[in-house]
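my_file_7.cif follows; it contains mmCIF, C-alpha atoms.
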data_entry
#
loop_
_atom_site.label_atom_id
_atom_site.label_comp_id
_atom_site.auth_asym_id
_atom_site.auth_seq_id
_atom_site.Cartn_x
_atom_site.Cartn_y
_atom_site.Cartn_z
CA MET E 106 9.02 -16.75 -20.72
CA ALA E 107 8.01 -15.32 -17.35
CA PHE E 108 4.36 -14.85 -16.54
CA GLU E 109 4.43 -11.38 -14.96
CA GLU E 110 1.70 -10.05 -17.30
CA LYS E 111 -0.57 -13.08 -17.22
CA THR E 112 -1.17 -13.82 -13.61
CA ALA E 113 -4.28 -14.49 -11.60
CA GLU E 114 -5.10 -16.12 -8.33
CA ILE E 115 -6.89 -19.34 -7.60
CA ASN E 116 -10.57 -19.02 -6.75
CA LYS E 117 -12.02 -22.42 -5.93
CA THR E 118 -15.46 -23.32 -4.63
CA PHE E 119 -15.50 -24.99 -1.21
CA LYS E 120 -18.52 -26.96 -0.01
CA CYS E 121 -19.93 -27.30 3.46
CA THR E 122 -19.25 -30.59 5.21
CA GLY E 123 -22.73 -30.41 6.69
CA CYS E 124 -24.99 -29.60 3.72
CA SER E 125 -22.66 -29.27 0.68
CA ALA E 126 -23.59 -25.59 0.18
CA PRO E 127 -20.89 -23.23 -1.18
CA LEU E 128 -18.86 -21.56 1.56
CA LYS E 129 -17.36 -18.16 2.16
CA TYR E 130 -14.51 -17.25 4.48
CA LYS E 131 -15.65 -15.38 7.61
CA PRO E 132 -13.24 -12.46 8.23
CA GLY E 133 -11.34 -12.58 11.49
CA THR E 134 -11.74 -16.33 11.96
CA ASN E 135 -10.03 -19.56 10.93
CA TYR E 136 -13.11 -21.15 9.38
CA LEU E 137 -15.56 -20.99 6.48
CA LEU E 138 -19.08 -20.34 7.75
CA CYS E 139 -21.98 -22.00 5.98
CA PRO E 140 -24.74 -19.40 5.34
CA TYR E 141 -27.39 -22.15 5.31
CA CYS E 142 -26.72 -24.55 8.17
CA SER E 143 -24.20 -22.38 10.12
CA THR E 144 -21.62 -25.17 10.16
CA ARG E 145 -18.10 -23.94 10.88
CA ASN E 146 -15.72 -25.55 8.41
CA GLU E 147 -12.27 -25.21 9.91
CA ILE E 148 -9.36 -24.10 7.71
CA LYS E 149 -6.52 -26.57 8.01
CA GLU E 150 -3.07 -25.22 7.36
CA GLU E 151 -0.44 -27.37 5.71
CA GLN E 152 2.05 -27.34 8.55
CA ALA E 153 4.87 -28.83 6.50
CA ALA E 154 4.64 -25.96 4.03
CA MET E 155 4.56 -23.15 6.56
CA PRO E 156 8.25 -22.38 7.27
CA PRO E 157 9.49 -21.84 3.68
CA LEU E 158 6.42 -19.83 2.71
CA LEU E 159 6.73 -17.37 5.56
CA PHE E 160 10.39 -16.55 4.93
CA PRO E 161 12.00 -14.83 1.94
CA ILE E 162 13.06 -16.96 -1.02
CA ASP E 163 16.32 -16.29 -2.83
CA TYR E 164 15.50 -13.65 -5.43
CA GLN E 165 17.47 -15.05 -8.37
CA HIS E 166 16.32 -18.59 -7.67
CA TYR E 167 12.73 -17.37 -7.69
CA LEU E 168 13.18 -15.62 -11.05
CA ASP E 169 14.63 -18.80 -12.52
CA SER E 170 11.71 -20.83 -11.22
CA LEU E 171 9.20 -18.58 -13.03
CA LYS E 172 10.56 -19.83 -16.34
CA ASP E 173 9.44 -23.37 -15.54
CA VAL E 174 5.68 -23.81 -16.02
CA ASN E 175 5.92 -27.23 -14.38
CA ASP E 176 7.12 -25.63 -11.16
CA GLN E 177 4.76 -26.13 -8.22
CA ARG E 178 4.34 -22.37 -7.91
CA PHE E 179 2.01 -22.39 -10.91
CA GLU E 180 -1.70 -23.07 -10.83
CA GLN E 181 -4.57 -22.57 -13.26
CA VAL E 182 -7.58 -20.28 -13.25
CA GLN E 183 -10.51 -19.93 -15.61
CA GLU E 184 -12.54 -16.76 -14.97
CA ILE E 185 -10.55 -13.52 -15.32
CA ALA E 186 -12.30 -10.15 -15.41
CA LYS E 187 -10.48 -7.31 -17.12
CA CYS E 188 -11.50 -3.67 -16.85
CA THR E 189 -11.26 -1.92 -20.21
CA ASN E 190 -11.11 1.47 -18.48
CA CYS E 191 -8.31 1.17 -15.87
CA GLY E 192 -6.77 -2.16 -16.94
CA ALA E 193 -7.30 -3.99 -13.63
CA SER E 194 -7.49 -7.79 -13.88
CA THR E 195 -9.24 -9.66 -11.09
CA THR E 196 -10.82 -13.00 -10.41
CA LEU E 197 -14.48 -13.21 -9.49
CA GLU E 198 -16.53 -15.66 -7.54
CA PRO E 199 -17.55 -18.71 -9.58
CA HIS E 200 -20.50 -18.26 -11.96
CA VAL E 201 -20.46 -14.43 -11.81
CA MET E 202 -21.35 -13.22 -15.30
CA ALA E 203 -21.37 -9.43 -14.82
CA SER E 204 -19.89 -6.97 -12.38
CA ASN E 205 -18.37 -3.50 -12.05
CA CYS E 206 -14.70 -2.76 -11.46
CA ALA E 207 -13.93 -2.13 -7.80
CA PHE E 208 -11.15 0.24 -8.82
CA CYS E 209 -12.98 2.65 -11.13
CA ALA E 210 -16.69 1.60 -11.15
CA SER E 211 -16.63 0.73 -14.89
CA PRO E 212 -18.28 -2.45 -16.27
CA LEU E 213 -15.99 -5.50 -16.39
CA VAL E 214 -15.45 -7.81 -19.32
CA ILE E 215 -15.50 -11.46 -18.21
CA ASP E 216 -12.93 -13.52 -20.09
CA HIS E 217 -13.34 -17.31 -19.79
CA HIS E 218 -10.07 -19.12 -20.42
CA THR E 219 -7.38 -21.19 -18.71
CA GLU E 220 -3.80 -20.05 -18.22
CA HIS E 221 -0.81 -20.75 -16.02
CA VAL E 222 -0.50 -18.47 -13.03
CA VAL E 223 1.89 -17.91 -10.14
CA ARG E 224 0.90 -19.15 -6.71
CA PRO E 225 1.48 -16.60 -3.90
CA HIS E 226 3.68 -17.51 -0.97
CA ALA E 227 1.43 -16.04 1.71
CA LEU E 228 -1.48 -13.74 2.48
CA ILE E 229 -3.08 -11.80 5.29
CA PRO E 230 -6.68 -13.02 5.69
CA PHE E 231 -9.52 -10.51 5.89
CA PHE E 232 -9.91 -9.46 9.51
CA ILE E 233 -12.72 -6.87 9.47
CA ASP E 234 -15.97 -7.88 7.82
CA ASN E 235 -18.16 -6.04 5.33
CA LYS E 236 -20.29 -4.41 8.04
CA SER E 237 -17.32 -3.00 9.96
CA ALA E 238 -15.71 -1.76 6.75
CA TYR E 239 -18.97 -0.08 5.76
CA GLN E 240 -19.08 1.77 9.09
CA GLN E 241 -15.51 2.98 8.54
CA PHE E 242 -16.47 4.02 5.01
CA LYS E 243 -19.52 6.04 6.18
CA SER E 244 -17.54 7.66 8.98
CA TRP E 245 -14.81 8.70 6.56
CA GLY E 246 -17.33 10.21 4.15
CA GLY E 247 -19.04 12.16 6.92
CA LYS E 248 -15.80 13.88 7.95
CA ARG E 249 -14.90 15.41 4.57
CA TRP E 250 -15.51 19.00 5.67
CA PHE E 251 -14.53 20.73 2.46
CA ALA E 252 -16.49 18.40 0.18
CA PRO E 253 -19.44 19.75 -1.88
CA ASN E 254 -22.83 19.71 -0.14
CA ASP E 255 -24.15 16.88 -2.31
CA PHE E 256 -21.06 14.73 -1.67
CA LYS E 257 -22.47 13.19 1.51
CA ARG E 258 -25.70 12.33 -0.32
CA ILE E 259 -23.63 10.00 -2.49
CA PHE E 260 -22.63 8.07 0.64
CA ASP E 261 -26.24 7.94 1.81
CA THR E 262 -27.14 5.95 -1.32
CA TYR E 263 -24.40 3.34 -0.73
CA SER E 264 -25.27 -0.02 0.76
CA LEU E 265 -23.13 -2.78 2.24
CA ASN E 266 -22.83 -4.32 -1.21
CA ALA E 267 -21.01 -1.22 -2.47
CA LEU E 268 -17.81 -2.48 -0.86
CA LYS E 269 -15.90 -5.30 -2.55
CA GLY E 270 -13.35 -7.44 -0.77
CA VAL E 271 -10.24 -7.78 -2.92
CA TYR E 272 -6.81 -9.29 -2.30
CA ILE E 273 -4.13 -6.98 -3.74
CA PRO E 274 -0.79 -8.45 -4.91
CA PHE E 275 2.44 -7.20 -3.34
CA TRP E 276 6.13 -8.09 -3.50
CA LEU E 277 8.17 -8.12 -0.30
CA PHE E 278 11.93 -7.73 -0.59
CA ASN E 279 14.84 -8.34 1.76
CA ALA E 280 18.45 -7.35 1.13
CA GLN E 281 21.77 -6.76 2.83
CA THR E 282 23.43 -3.54 1.64
CA ASP E 283 27.00 -2.32 1.94
CA THR E 284 27.57 1.32 0.94
CA ASP E 285 30.83 3.25 0.60
CA TYR E 286 30.39 7.01 0.53
CA THR E 287 32.21 10.30 0.38
CA GLY E 288 30.78 13.53 1.70
CA GLU E 289 31.22 16.65 3.75
CA ARG E 290 30.37 17.38 7.37
CA GLY E 291 29.13 20.88 8.12
CA ARG E 292 29.49 22.45 11.56
CA TYR E 293 27.92 25.79 12.42
CA TYR E 294 29.87 28.69 13.88
CA TYR E 295 28.71 32.22 14.57
CA VAL E 296 30.27 35.63 13.95
CA SER E 297 29.07 38.69 15.80
CA ARG E 298 28.43 41.98 14.06
CA THR E 299 26.86 45.28 15.03
CA VAL E 300 23.90 46.74 13.19
CA ARG E 301 22.40 50.22 13.52
CA ASP E 302 18.71 51.03 13.01
CA LYS E 303 17.26 54.25 11.51
CA ASP E 304 17.20 55.92 14.90
CA GLY E 305 20.91 55.31 15.46
CA ASN E 306 20.45 52.52 18.00
CA THR E 307 22.92 49.63 17.76
CA THR E 308 22.45 45.93 18.42
CA THR E 309 24.69 42.90 18.10
CA VAL E 310 23.54 40.01 15.92
CA GLN E 311 25.00 36.56 15.33
CA ASP E 312 25.54 35.50 11.71
CA ARG E 313 25.62 31.76 11.19
CA HIS E 314 28.28 30.23 8.96
CA THR E 315 29.13 26.63 8.10
CA ASP E 316 32.57 25.06 8.20
CA TRP E 317 32.74 22.09 5.80
CA THR E 318 35.08 19.12 6.29
CA TYR E 319 35.61 16.28 3.82
CA THR E 320 34.70 12.82 5.12
CA SER E 321 34.18 9.27 3.88
CA GLY E 322 32.87 6.07 5.35
CA ASN E 323 30.79 2.93 5.06
CA VAL E 324 27.31 1.94 6.23
CA ASP E 325 25.78 -1.55 6.34
CA VAL E 326 22.00 -1.80 6.38
CA ASN E 327 19.90 -4.96 6.57
CA PHE E 328 16.53 -4.34 4.92
CA LYS E 329 13.52 -6.52 5.71
CA ASP E 330 10.12 -6.57 4.03
CA ILE E 331 10.32 -3.60 1.69
CA VAL E 332 6.71 -3.51 0.45
CA VAL E 333 6.10 -2.88 -3.27
CA CYS E 334 2.57 -2.82 -4.64
CA ALA E 335 2.27 -5.05 -7.72
CA SER E 336 -1.01 -3.52 -8.89
CA GLN E 337 -1.23 -0.79 -11.49
CA SER E 338 -4.74 -0.01 -10.25
CA LEU E 339 -3.52 0.84 -6.76
CA SER E 340 -0.57 3.21 -6.63
CA GLN E 341 2.39 2.70 -4.32
CA SER E 342 1.55 5.96 -2.54
CA SER E 343 -2.07 4.88 -1.98
CA SER E 344 -1.01 1.51 -0.60
CA ASP E 345 1.45 3.27 1.73
CA LYS E 346 -1.30 5.56 3.02
CA ILE E 347 -3.43 2.66 4.28
CA GLY E 348 -0.45 0.94 5.84
CA PRO E 349 1.16 -0.37 7.93
CA TRP E 350 0.20 -3.83 6.73
CA HIS E 351 0.95 -5.85 9.89
CA LEU E 352 3.04 -8.41 8.00
CA ASP E 353 3.40 -10.45 11.18
CA LYS E 354 -0.15 -11.65 10.42
CA LEU E 355 0.89 -13.36 7.17
CA VAL E 356 -0.10 -17.01 6.82
CA PRO E 357 0.88 -19.50 4.10
CA PHE E 358 -1.27 -19.11 1.02
CA ASN E 359 -4.47 -21.12 1.28
CA GLU E 360 -7.31 -20.88 -1.24
CA GLN E 361 -9.90 -21.22 1.51
CA TYR E 362 -9.13 -17.71 2.79
CA MET E 363 -10.06 -16.40 -0.66
CA SER E 364 -13.49 -17.99 -0.77
CA GLY E 365 -16.04 -15.20 -1.24
CA PHE E 366 -13.45 -12.61 -2.26
CA SER E 367 -11.80 -11.46 -5.47
CA ALA E 368 -8.07 -11.28 -6.07
CA GLN E 369 -6.25 -8.99 -8.43
CA THR E 370 -3.50 -10.31 -10.66
CA TYR E 371 -0.03 -8.84 -10.32
CA GLN E 372 0.84 -6.38 -13.06
CA LEU E 373 4.31 -5.36 -11.91
CA SER E 374 6.95 -8.01 -12.60
CA PRO E 375 9.34 -9.02 -9.82
CA GLU E 376 12.23 -7.52 -11.80
CA LEU E 377 10.57 -4.09 -12.03
CA ALA E 378 9.39 -4.36 -8.43
CA MET E 379 12.98 -5.00 -7.31
CA THR E 380 13.99 -1.78 -9.07
CA VAL E 381 11.35 0.07 -7.06
CA ALA E 382 12.47 -1.65 -3.85
CA LYS E 383 16.11 -0.70 -4.44
CA SER E 384 15.15 2.94 -4.97
CA ILE E 385 13.30 2.83 -1.63
CA MET E 386 16.35 1.25 0.03
CA GLU E 387 18.73 3.80 -1.49
CA HIS E 388 16.57 6.65 -0.22
CA GLN E 389 16.72 5.19 3.29
CA ILE E 390 20.46 4.54 2.97
CA LYS E 391 20.89 8.28 2.40
CA GLY E 392 19.47 8.89 5.87
CA TYR E 393 21.87 6.37 7.40
CA ILE E 394 24.79 8.06 5.63
CA GLU E 395 23.76 11.50 6.90
CA GLY E 396 23.59 10.07 10.41
CA ASP E 397 27.05 8.54 9.99
CA ILE E 398 28.53 11.82 8.73
CA GLY E 399 27.14 13.71 11.70
CA GLY E 400 27.60 17.42 12.28
CA ASP E 401 24.96 20.09 11.77
CA GLU E 402 24.60 19.61 8.01
CA GLN E 403 25.67 16.92 5.59
CA ARG E 404 26.58 16.75 1.92
CA ILE E 405 26.75 13.40 0.18
CA LEU E 406 29.17 13.57 -2.73
CA SER E 407 29.18 9.94 -3.94
CA THR E 408 27.84 6.51 -3.00
CA ARG E 409 28.49 2.96 -4.15
CA THR E 410 26.08 0.32 -2.85
CA THR E 411 26.43 -3.44 -3.09
CA PHE E 412 23.29 -5.57 -2.65
CA SER E 413 23.50 -9.14 -1.37
CA LYS E 414 21.28 -11.83 0.19
CA GLU E 415 18.35 -10.60 -1.88
CA GLY E 416 15.09 -12.26 -0.91
CA ILE E 417 11.55 -12.06 -2.24
CA ARG E 418 8.00 -13.06 -1.27
CA TYR E 419 4.84 -12.80 -3.32
CA VAL E 420 1.91 -12.02 -1.02
CA LEU E 421 -1.73 -10.97 -1.13
CA LEU E 422 -3.00 -8.25 1.21
CA PRO E 423 -6.72 -7.61 1.88
CA VAL E 424 -8.64 -4.43 1.18
CA TRP E 425 -12.24 -3.35 0.91
CA LEU E 426 -12.69 -1.26 -2.21
CA THR E 427 -15.32 0.94 -3.71
CA SER E 428 -15.37 3.69 -6.32
CA TYR E 429 -17.79 6.39 -7.33
CA LYS E 430 -18.09 9.14 -9.90
CA TYR E 431 -18.69 12.79 -9.09
CA ASN E 432 -19.31 15.14 -12.01
CA GLY E 433 -18.03 12.41 -14.29
CA LYS E 434 -14.69 11.99 -12.48
CA PRO E 435 -13.96 8.62 -10.81
CA TYR E 436 -12.76 8.44 -7.20
CA GLN E 437 -11.47 5.39 -5.36
CA ILE E 438 -11.80 4.56 -1.65
CA ILE E 439 -9.61 1.91 -0.03
CA ILE E 440 -10.01 0.35 3.41
CA ASN E 441 -7.27 -1.76 4.98
CA ALA E 442 -9.16 -4.98 5.73
CA PHE E 443 -6.99 -5.70 8.76
CA SER E 444 -6.71 -2.34 10.52
CA GLY E 445 -9.75 -0.53 9.09
CA LYS E 446 -7.66 2.48 8.00
CA VAL E 447 -9.36 4.43 5.18
CA TYR E 448 -7.87 6.44 2.33
CA GLY E 449 -9.65 7.78 -0.71
CA GLY E 450 -10.04 10.45 -3.33
CA ARG E 451 -12.70 13.10 -2.91
CA PRO E 452 -13.92 16.30 -4.59
CA TYR E 453 -13.44 19.71 -2.98
CA SER E 454 -15.81 22.66 -2.79
CA VAL E 455 -14.00 25.80 -3.92
CA TRP E 456 -16.56 28.00 -2.17
CA LYS E 457 -16.11 26.21 1.16
CA ILE E 458 -12.34 26.60 0.93
CA ILE E 459 -12.63 30.30 0.08
CA GLY E 460 -15.10 30.73 2.94
CA ALA E 461 -12.72 29.06 5.39
CA ILE E 462 -9.85 31.31 4.25
CA LEU E 463 -11.96 34.45 4.60
CA LEU E 464 -13.13 33.34 8.04
CA GLY E 465 -9.54 32.75 9.11
CA LEU E 466 -8.50 36.20 7.87
CA LEU E 467 -11.43 37.78 9.72
CA ILE E 468 -10.43 36.06 12.96
CA LEU E 469 -6.83 37.27 12.58
CA TYR E 470 -8.07 40.79 11.88
CA VAL E 471 -10.24 40.79 15.01
CA ILE E 472 -7.35 39.47 17.12
CA ALA E 473 -5.02 42.14 15.74
CA LEU E 474 -7.65 44.83 16.30
CA PHE E 475 -8.12 43.95 19.96
CA SER E 476 -4.37 43.53 20.49
CA GLY E 477 -3.79 47.03 19.13
CA ALA E 478 -6.53 48.44 21.29
CA GLY E 479 -4.91 46.96 24.37
#
Rewrite the structure of this file - the entire thing - as structure tokens.
Amino acid sequence: MAFEEKTAEINKTFKCTGCSAPLKYKPGTNYLLCPYCSTRNEIKEEQAAMPPLLFPIDYQHYLDSLKDVNDQRFEQVQEIAKCTNCGASTTLEPHVMASNCAFCASPLVIDHHTEHVVRPHALIPFFIDNKSAYQQFKSWGGKRWFAPNDFKRIFDTYSLNALKGVYIPFWLFNAQTDTDYTGERGRYYYVSRTVRDKDGNTTTVQDRHTDWTYTSGNVDVNFKDIVVCASQSLSQSSSDKIGPWHLDKLVPFNEQYMSGFSAQTYQLSPELAMTVAKSIMEHQIKGYIEGDIGGDEQRILSTRTTFSKEGIRYVLLPVWLTSYKYNGKPYQIIINAFSGKVYGGRPYSVWKIIGAILLGLLILYVIALFSGAG
């Protein structure tokens, strides 16, 4: 069996070389900083493992490897927290006995057990720290103009601890595509005609028509790093909105970068993720076909796409997360932990929107009034 529904990431405790205290990764650096003696514990990459982990792995070979629990891609984890409200499964820092879900603010259920899990190929380490993310969060909240008046008071009650650093699982896909198509190329031409108004005055107008010509052809497209979110708690559209993800910053997976952070388990299997990736590719192929057809308009009648050289990578990407409830409805806010880009749900004030519309209509009325007077 494959382990797409029972996955979790490794969350080990690392001790300071100076005083043996537990360490946490310091965002934007290559070391674990001791909070007690300030010793910088350098992160050492396994150089021999770097090349294969930073390049796509053959897709079918990877699927076959998931069936082998003795494969080196599997590790073990003990503490898994599952949210009974939204279904998110994440790891927590060692010895945490209670927490709230970063995705929906509901209490988590801590499940202590051991299971086989899939080791990611790579990750992007946290770059911006909690303080910087909090400033981005407060700035975002302060600019929601059409939010209810008491919305900003919610943000005033939030502290630095409201944000949780979480690694989100993603699949990256590569593929070479070869597409045969048939279609029609439309070219505009114009026909003049004379029209007469109610006063008997005549004018000449140009009516646009389209001349359609059958065409066929072939387009080859090489796709690289099609990003598919493997979390059911973070939608594909939400993850796109806080992109781009700066995949050039990926490093081989190393547990030390995860020290002090949580990591969500992947909930979308690589097979289903590939289906999503292919739909993304096919949508983009349509654009290439339209460009190949040319003309003023295009009609695509049929396509037949062959996929080859399919590659895959399993990666973790960093976000700062928080959630809140307004009038009983949960809202989620996501901050890209590399770029600082913020996206989130928010309530709207109907009265503020109506007021803005009425103000706009009043301004247009005044402009029209003065224009008429002139």
Next on the checklist: Need to verify the contact set: Asp353 (chain E), 10 Å, all atoms listed in the file, exclusion of same-chain residues closer than 2 positions in sequence. Can you return it as a PyMOL selection string?
Outcome noted: chain E and resi 159+229+350-351+355-356
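From CA of Pro230 (chain E) back to CA of Leu138 (chain E), the distance works out to 14.5 Å.
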**the PyMOL selection byres ((chain E and resi 293) around 12) resolved against shown file, as a ChimeraX atom specification** = /E:290-292,294-296,311-318,400-403
If you apply the PyMOL selection byres ((chain E and resi 335) around 7) to this file, what residues do you get, as a ChimeraX atom specification? /E:274-276,333-334,336-337,371-373
Dump C-alpha atoms for the selected residues as an mmCIF file, keeping the file's coordinate frame?
data_model
loop_
_atom_site.group_PDB
_atom_site.id
_atom_site.type_symbol
_atom_site.label_atom_id
_atom_site.label_comp_id
_atom_site.auth_asym_id
_atom_site.auth_seq_id
_atom_site.Cartn_x
_atom_site.Cartn_y
_atom_site.Cartn_z
ATOM 1 C CA PRO E 274 -0.790 -8.450 -4.910
ATOM 2 C CA PHE E 275 2.440 -7.200 -3.340
ATOM 3 C CA TRP E 276 6.130 -8.090 -3.500
ATOM 4 C CA VAL E 333 6.100 -2.880 -3.270
ATOM 5 C CA CYS E 334 2.570 -2.820 -4.640
ATOM 6 C CA SER E 336 -1.010 -3.520 -8.890
ATOM 7 C CA GLN E 337 -1.230 -0.790 -11.490
ATOM 8 C CA TYR E 371 -0.030 -8.840 -10.320
ATOM 9 C CA GLN E 372 0.840 -6.380 -13.060
ATOM 10 C CA LEU E 373 4.310 -5.360 -11.910
#
### Task
Have a look at CA of Tyr130 (chain E) and CA of Phe231 (chain E) and let me know their distance in Å, one decimal.
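Separation between CA of Tyr130 (chain E) and CA of Phe231 (chain E): 8.5 Å.
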| request: Could you check how far CA of Ser407 (chain E) sits from CA of Gly288 (chain E), in Å to one decimal? | output: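 Distance between the two atoms: 6.9 Å.
Shortest atom-to-atom contact with Asn323 (chain E) among E:Phe366, E:Tyr393, E:Phe278, E:Phe443: E:Tyr393, counting all atoms listed in the file.
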Who sits within 8 Å of Gly449 (chain E), all atoms listed in the file, same chain under 5 positions skipped, as a CSV table (one decimal) with C-alpha atoms, in the coordinates of the input:
chain,number,residue,atom,x,y,z
E,436,TYR,CA,-12.8,8.4,-7.2
E,437,GLN,CA,-11.5,5.4,-5.4
E,438,ILE,CA,-11.8,4.6,-1.6
E,439,ILE,CA,-9.6,1.9,0.0
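Summary of the local environment: counting all atoms listed in the file, residues at most 9 Å from region 167-169 of chain E, other than itself and those fewer than 2 positions away along its chain, are E:Ala107, E:Ile162, E:Asp163, E:Tyr164, E:Gln165, E:Leu171, E:Lys172, E:Asp173, E:Pro375, E:Glu376, E:Gly416, E:Ile417.
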Write the selection just made, keeping C-alpha atoms, as a PDB file, keeping the file's coordinate frame?
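So the final result, stored in part01.pdb, reads:
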ATOM      1  CA  ALA E 107       8.010 -15.320 -17.350  1.00  0.00           C
ATOM      2  CA  ILE E 162      13.060 -16.960  -1.020  1.00  0.00           C
ATOM      3  CA  ASP E 163      16.320 -16.290  -2.830  1.00  0.00           C
ATOM      4  CA  TYR E 164      15.500 -13.650  -5.430  1.00  0.00           C
ATOM      5  CA  GLN E 165      17.470 -15.050  -8.370  1.00  0.00           C
ATOM      6  CA  LEU E 171       9.200 -18.580 -13.030  1.00  0.00           C
ATOM      7  CA  LYS E 172      10.560 -19.830 -16.340  1.00  0.00           C
ATOM      8  CA  ASP E 173       9.440 -23.370 -15.540  1.00  0.00           C
ATOM      9  CA  PRO E 375       9.340  -9.020  -9.820  1.00  0.00           C
ATOM     10  CA  GLU E 376      12.230  -7.520 -11.800  1.00  0.00           C
ATOM     11  CA  GLY E 416      15.090 -12.260  -0.910  1.00  0.00           C
ATOM     12  CA  ILE E 417      11.550 -12.060  -2.240  1.00  0.00           C
TER      13      ILE E 417
END
* To do: Show which residues sit within 12 Å of Lys131 (chain E), as a count of residues only. Count all atoms listed in the file, and ignore same-chain residues fewer than 3 positions away.
  => 28
Since I can't run it myself right now, could you work out what the PyMOL selection byres ((chain E and resi 282) around 12) selects here and report it as a list in words?
Asn279, Ala280, Gln281, Asp283, Thr284, Asp285, Asn323, Val324, Asp325, Val326, Asn327, Phe328, Lys329, Lys383, Met386, Glu387, Gln389, Ile390, Tyr393, Thr408, Arg409, Thr410, Thr411, Phe412, Ser413, Lys414 and Glu415 of chain E
Excluding Pro225 (chain E) and any residue of its chain fewer than 2 positions from it, enumerate the residues within 7 Å of it, using all atoms listed in the file, and give them as a ChimeraX atom specification. /E:223,227,358,419-420
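Distances from E:Ala473, E:Ser321, E:Leu422, E:Leu352 to Gly399 (chain E) were compared using all atoms listed in the file, and the smallest one belongs to E:Ser321.
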Counting only C-alpha atoms, the residue among E:Gln369, E:Ser170, E:Asn432, E:Asn441 that lies closest to Lys346 (chain E) is E:Asn441
- Item | Counting all atoms listed in the file, the option among E:Phe475, E:Phe119, E:Tyr470, E:Trp425 closest to Lys446 (chain E) |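 Among the listed residues, the smallest separation from Lys446 (chain E) belongs to E:Trp425.
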One residue among E:Ser237, E:Thr427, E:Thr287, E:Ser444 is nearest to Lys354 (chain E) when using all atoms listed in the file, and that residue is E:Ser444
Next item on the list: Considering all atoms listed in the file, state which residue in the set E:Val471, E:Leu426, E:Leu228, E:Ile385 is at the smallest distance from Tyr448 (chain E).
Entry: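 Ranking E:Val471, E:Leu426, E:Leu228, E:Ile385 by distance to Tyr448 (chain E), first place goes to E:Leu426.
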